[in-house]
Amino acid sequence: MRDGDADGFAVLVERHGPALSRLVTGLVADPHAADDVVQEIWILVYRRLDTFRFQAPFRAWLFRIAAREAVTARNRLRTLWRRMTSTDTDRMPASSGRAEAAGEVSDVLGALAILPTSERAALVMIAEGFSYAEAAEALSCPIGTISVRVHRAREKLARRLDGPSTGEGS
């Protein structure tokens with residue numbers, strides 16, 4: 001697969017694609033932009049496959065790239081949004097484009113969008129089934145930091161969505 005094996009790469013996309021899409025959507029908080037970011041990530045991964053050293057699971061390597069790219073994309077979108085809304089507010093909708101999403105999904109994405117990027121990334125990775133150790137490795141921080149970020153994120157989401165905080169896994 002490291003030699004440009006298209007079938008091998010297709011297996012990776014099939015195996016990791018759905019989780020990657022959910023992670024990026026959670027980080028970017030805009031499903032339409034997330035689709036574009038996911039495509040960019042797969043292109044980047046394909047080009048960088050020769051740098052994968054097999055010292056960590058492929059999934060951790062993929063999600064480390066994805067987290068970095070999604071955060072970069074989120075920041076670009078924020079900058080663009082600020083520029084657009086500060087120069088001509090009458091031409092832009094009041095929301096950030098999530099109004100098209102269905103009720104609960106929109107509420108959750110909106111609540112995720114208010115979280116600091118570090119908390120959002122930790123929470124989404126844990127929700128995607130990463131262990132705290134895997135999330136810590138992918139986000140390049142200690143396990144304790146992941147635990148604190150997930151705990152804080154859950155509390156903020158619970159307040160925002162008017163539900164009790166579960167406190168699980170913290």
# chains A, B, ... in the order shown; residues from 1 in each chain; ligands from 1

call {"tool": "residues_around", "arguments": {"residues": "stretch 69-81 of chain A", "least_positions_apart": "3", "cutoff": "10 Å", "atoms": "only C-alpha atoms", "output": "list in words"}}
result
Leu23, Val24, Thr25, Gly26, Leu27, Val28, Ala29, Asp30, Ala33, Ala34, Asp36, Val37, Val38, Glu40, Ile41, Leu44, Phe63, Arg64, Ile65, Ala66, Met84, Thr85, Ser86, Met92, Ser96, Ala113, Thr117, Ser118 and Ala121 of chain A

call {"tool": "closest_residue", "arguments": {"among": "A:Arg47, A:Ala56, A:Leu20, A:Gly110", "to": "A:Gly129", "atoms": "only C-alpha atoms"}}
result
A:Leu20

call {"tool": "residues_around", "arguments": {"residues": "A:Ala133", "least_positions_apart": "4", "cutoff": "10 Å", "atoms": "only C-alpha atoms", "output": "mmCIF file with N, CA and C atoms, in the first residue's frame"}}
result
data_model
loop_
_atom_site.group_PDB
_atom_site.id
_atom_site.type_symbol
_atom_site.label_atom_id
_atom_site.label_comp_id
_atom_site.auth_asym_id
_atom_site.auth_seq_id
_atom_site.Cartn_x
_atom_site.Cartn_y
_atom_site.Cartn_z
ATOM 1 N N ILE A 126 -12.943 11.372 21.895
ATOM 2 C CA ILE A 126 -13.429 10.384 22.864
ATOM 3 C C ILE A 126 -14.784 9.845 22.418
ATOM 4 N N GLU A 137 -2.229 11.246 22.466
ATOM 5 C CA GLU A 137 -1.166 11.121 21.464
ATOM 6 C C GLU A 137 -1.501 11.921 20.210
ATOM 7 N N ALA A 138 -2.736 11.803 19.749
ATOM 8 C CA ALA A 138 -3.137 12.500 18.526
ATOM 9 C C ALA A 138 -3.112 14.017 18.699
ATOM 10 N N LEU A 139 -3.426 14.485 19.897
ATOM 11 C CA LEU A 139 -3.479 15.923 20.149
ATOM 12 C C LEU A 139 -2.212 16.453 20.824
ATOM 13 N N CYS A 141 -0.743 15.982 23.845
ATOM 14 C CA CYS A 141 -0.835 16.519 25.197
ATOM 15 C C CYS A 141 -0.978 15.351 26.176
ATOM 16 N N PRO A 142 -0.797 15.606 27.472
ATOM 17 C CA PRO A 142 -0.918 14.530 28.465
ATOM 18 C C PRO A 142 -2.351 13.994 28.590
ATOM 19 N N ILE A 143 -2.467 12.760 29.049
ATOM 20 C CA ILE A 143 -3.779 12.129 29.237
ATOM 21 C C ILE A 143 -4.631 12.939 30.207
ATOM 22 N N GLY A 144 -4.026 13.447 31.273
ATOM 23 C CA GLY A 144 -4.766 14.245 32.247
ATOM 24 C C GLY A 144 -5.390 15.476 31.615
ATOM 25 N N ILE A 146 -6.406 15.693 28.509
ATOM 26 C CA ILE A 146 -7.574 15.207 27.753
ATOM 27 C C ILE A 146 -8.753 15.025 28.696
ATOM 28 N N SER A 147 -8.506 14.423 29.843
ATOM 29 C CA SER A 147 -9.568 14.187 30.819
ATOM 30 C C SER A 147 -10.219 15.498 31.259
#

call {"tool": "atom_distance", "arguments": {"atom1": "atom CA of A:Met125", "atom2": "atom CA of A:Phe52"}}
result
20.5 Å
